[in-house]
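**Q** Okay, handing you the structure first.
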Amino acid sequence: STQETEVALQAMPTIHTPIDHEFTSTEAVRHNTPESILEDTPTATADIPLTETQLAIMVQTTIDHQLTQLAANQQATAIALTETQIAQQIVEAELTQLAIAAATTQAAAWTKTPTATRTLTHTPTATSTRTPSRTPTRIPSRTPTRTPSRTPTGTPTPTPPLHCPGALVSRLAVDSGGRVTLYPNQPNNLRDAPTTSGQKIGEIPPGGEFRVIDGPVCNDGYAWYRVDYQGTIGWTAESGDGDYWLEPWEID
């Protein structure tokens with residue numbers, strides 16, 4: 001019982017131990033506690049001894065404080081690391097943009113500017129018929145002085161310009177080349193006589209080349225030339241309705 005325990009304790013002899021050879025309860029705790037904990041742990045005075053519960057609370061408080069400090073340091077380290085990664089990503093993005101800009105500039109310098117291509121914009125729209133309807137009155141006689149002599153180089157001597165009434169100034173020359181103009185886009189008739197009443201023996205398409213054999217002969221308001229078109233020989237008018245139907249053209 002409690003009374004028996006108290007009697008036994010009073011009967012026990014008192015043991016005297018030198019104080020410098022034995023730790024008190026407070027000194028034992030200090031001896032087994034790290035210095036970092038002892039710095040933040042208030043020292044109990046010799047007059048007020050600490051109980052084991054108070055010591056445990058003090059130790060736990062110190063440990064909690066140190067853990068809080070450690071967690072705060074870890075969080076600060078993580079934030080600094082995140083900021084470093086973000087800064088690195090920004091730098092990489094800027095370097096990528098600079099590389100793209102440099103590549104674009106270099107590609108633009110290497111790109112060859114295309115040369116403009118000349119295109120024809122004229123489109124013939126004339127629809128008039130070349131066969132005139134006038135009735136001839138006479139066929140002029142031919143003189144042998146109209147055929148020019150050739151030069152030693154083979155270049156024909158052109159006949160001086162002749163202007164038949166009702167026609168444009170003649171541009172063709174005997175023993176030279178010519179072709180049917182591309183405008184208006186119509187063929188020229190070939191006849192067996194230099195007159196509109198002559199029988200049609202063929203036609204020369206636009207761009208068709210021929211050799212001038214004789215002419216011009218003024219008749220029916222036209223300047224007629226005798227030409228050889230791919231072996232067919234006949235008379236064809238040079239101009240009419242204010243347009244040239246034939247034009248000089250160098251042929252082989």
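Order determines the names: the first chain of the structure tokens is A, the second B, and so forth; residues in each chain are numbered 1 upward, and ligands are numbered 1 upward as they are shown.
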Please provide as a compact mmCIF listing (two decimals) with C-alpha atoms, in the first residue's frame all residues within 7 Å of stretch 236-242 of chain A, with the sequence filter that same-chain residues fewer than 2 positions apart are discarded (counting only C-alpha atoms).
**A**
```
# COMPACT_ATOMS: atom_id res chain seq x y z
CA ALA A 167 -4.67 51.36 -151.45
CA LEU A 168 -1.92 51.92 -148.92
CA ASN A 188 -5.57 36.14 -148.52
CA ASN A 189 -7.14 34.90 -151.76
CA LEU A 190 -4.96 33.79 -154.68
CA ARG A 191 -6.45 34.57 -158.14
CA TYR A 222 -5.88 47.44 -154.75
CA ALA A 223 -2.16 46.85 -155.29
CA TRP A 224 -1.84 43.30 -156.70
CA TYR A 225 1.28 41.13 -156.45
CA ARG A 226 2.03 37.89 -158.24
CA GLY A 234 -1.28 33.60 -158.35
CA TYR A 244 -2.00 45.85 -144.71
CA TRP A 245 -2.85 42.26 -145.61
CA LEU A 246 0.71 41.49 -146.75
```
**Q** Which of these, A:Gln88, A:Trp235, A:Val174, A:Asp243, has the shortest distance to A:Gln199 once you count only C-alpha atoms?
**A**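 Among the listed residues, A:Trp235 lies closest to A:Gln199.
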**Q** From the list A:Met58, A:Ala103, A:Leu162, A:Leu172, which residue is nearest A:Trp249 when using only C-alpha atoms?
**A**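 Using only C-alpha atoms, A:Trp249 sits closest to A:Leu172.
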**Q** For each of A:Gln230, A:Gln89, A:Gln74, A:Thr181, take the minimum atom-to-atom distance to A:Gly202, counting only C-alpha atoms, then give the residue where this is smallest.
**A** A:Gln230
**Q** Counting only C-alpha atoms, which residue out of A:Ala193, A:Val91, A:Ile251, A:Ala99 sits closest to A:Arg211?
**A**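 Looking at the shortest contact to A:Arg211, the residue is A:Ile251.
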**Q** May I ask which of the residues A:Val212, A:Leu81, A:Ile233, A:Ile204 is the closest one to A:Gly177, counting only C-alpha atoms?
**A**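 Of A:Val212, A:Leu81, A:Ile233, A:Ile204, the one nearest A:Gly177, counting only C-alpha atoms, is A:Val212.
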**Q** So what do you get for atom CA of A:Tyr183 versus atom CA of A:Ile213, distance-wise?
**A**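 Atom-to-atom, atom CA of A:Tyr183 to atom CA of A:Ile213, that is 23.6 Å.
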**Q** Kindly indicate which residue among A:Thr232, A:Leu67, A:Cys218, A:Ala173 lies nearest to A:Lys200, using only C-alpha atoms for the distances.
**A**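 Of A:Thr232, A:Leu67, A:Cys218, A:Ala173, the one nearest A:Lys200, counting only C-alpha atoms, is A:Thr232.
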